[in-house]
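Visitor: Input: one structure, supplied below.
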Amino acid sequence: MARKRFIWDTGAVSVSVVLMSVLLALFIARVTGQVLVVLAQPRWLPPMKDWYSGLMPYRYLLPAQIAIIALMIVMIRQVAGGASNHNLAIGVLVFAGVYAPAMVVRFVILRTRHPDYRWFEGGMIPIMFHWVLAAFLFAYAQARL
């Protein structure tokens with residue numbers, strides 16, 4: 001008999017899978033929004049400079065984002081399948097535990113240098129979605145422990 005690891009487990013679909021799926025949907029929306037801005041520049045979306053920090057050329061960033069989406073899908077399937085891997089989960093948890101605070105530091109630096117920026121200006125979108133990815137990693141690790 002398999003032991004229940006978390007109160008969250010509800011049988012076939014766990015809260016972790018639902019949470020990870022919502023975070024995946026948010027990341028897909030971000031990537032889609034950025035593609036729309038590149039291709040059509042709609043007025044109702046922020047300009048490209050607000051979607052993208054410029055650290056990696058967009059021609060490399062988009063394939064990397066697509067690879068991240070594919071990896072997120074694989075990770076959701078692993079969690080949905082019920083497999084656990086304690087060592088991997090600890091490694092992901094440690095990485096997420098460094099990654100999320102690093103984005104807090106990036107946020108503080110950005111807001112200190114540019115206190116006039118609104119929430120969707122000058123690099124806030126990338127920071128917010130790094131938090132989405134960090135939350136995804138925390139949910140994955142929690143489900144795999």
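Ordering of the structure tokens sets the chain letters (A, B, ...), residue numbers begin anew at 1 in every chain, and ligands are numbered from 1 in the order given.
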So which residues of chain A fall under alpha helix (DSSP H) by DSSP, listed as JSON, numbers by chain?

Guide: {"A": [15, 16, 17, 18, 19, 20, 21, 22, 23, 24, 25, 26, 27, 28, 29, 30, 31, 32, 33, 34, 35, 36, 37, 38, 39, 40, 48, 49, 50, 51, 58, 59, 60, 61, 62, 63, 64, 65, 66, 67, 68, 69, 70, 71, 72, 73, 74, 75, 76, 77, 78, 79, 80, 81, 86, 87, 88, 89, 90, 91, 92, 93, 94, 95, 96, 97, 98, 99, 100, 101, 102, 103, 104, 105, 106, 107, 108, 109, 110, 111, 112, 113, 124, 125, 126, 127, 128, 129, 130, 131, 132, 133, 134, 135, 136, 137, 138, 139, 140, 141, 142, 143, 144]}

Visitor: Which is closest to Val79 of chain A among A:Gln65, A:Pro46, A:Val132, A:Val15, if we use only C-alpha atoms?

Guide: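 Between A:Gln65, A:Pro46, A:Val132, A:Val15, the residue approaching Val79 of chain A most closely is A:Val15.
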
Visitor: Counting only C-alpha atoms, what is within 8 Å of segment 104-120 of chain A, bar same-chain residues fewer than 5 positions away, as an MDAnalysis selection string?

Guide: chainID A and resid 46 50 125 127

Visitor: Atoms to include: all heavy atoms. Write the selected residues as a compact mmCIF listing (two decimals), in the first residue's frame.

Guide:
```txt
# COMPACT_ATOMS: atom_id res chain seq x y z
N PRO A 46 2.54 45.34 -23.38
CA PRO A 46 3.73 46.18 -23.20
C PRO A 46 4.73 45.99 -24.35
O PRO A 46 4.75 44.92 -24.97
CB PRO A 46 4.32 45.69 -21.87
CG PRO A 46 3.22 44.95 -21.19
CD PRO A 46 2.34 44.40 -22.28
N ASP A 50 10.00 45.71 -22.31
CA ASP A 50 9.45 45.36 -21.00
C ASP A 50 9.30 43.85 -20.79
O ASP A 50 9.13 43.39 -19.67
CB ASP A 50 8.10 46.03 -20.78
CG ASP A 50 8.22 47.54 -20.74
OD1 ASP A 50 9.31 48.05 -20.40
OD2 ASP A 50 7.23 48.22 -21.05
N ILE A 125 8.48 42.11 -16.04
CA ILE A 125 7.85 40.89 -16.55
C ILE A 125 8.81 39.71 -16.44
O ILE A 125 8.42 38.66 -15.91
CB ILE A 125 7.32 41.09 -17.99
CG1 ILE A 125 6.17 42.10 -17.98
CG2 ILE A 125 6.88 39.75 -18.60
CD1 ILE A 125 5.69 42.51 -19.36
N ILE A 127 11.26 39.27 -14.34
CA ILE A 127 11.44 38.95 -12.92
C ILE A 127 10.22 38.19 -12.40
O ILE A 127 10.35 37.17 -11.71
CB ILE A 127 11.70 40.22 -12.10
CG1 ILE A 127 13.07 40.81 -12.44
CG2 ILE A 127 11.62 39.92 -10.60
CD1 ILE A 127 13.34 42.18 -11.85
```

Visitor: For each of A:Ala135, A:Leu145, A:Ile90, A:Met72, take the minimum atom-to-atom distance to Leu24 of chain A, counting only C-alpha atoms, then give the residue where this is smallest.

Guide: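 For Leu24 of chain A, the nearest of the candidates is A:Met72.
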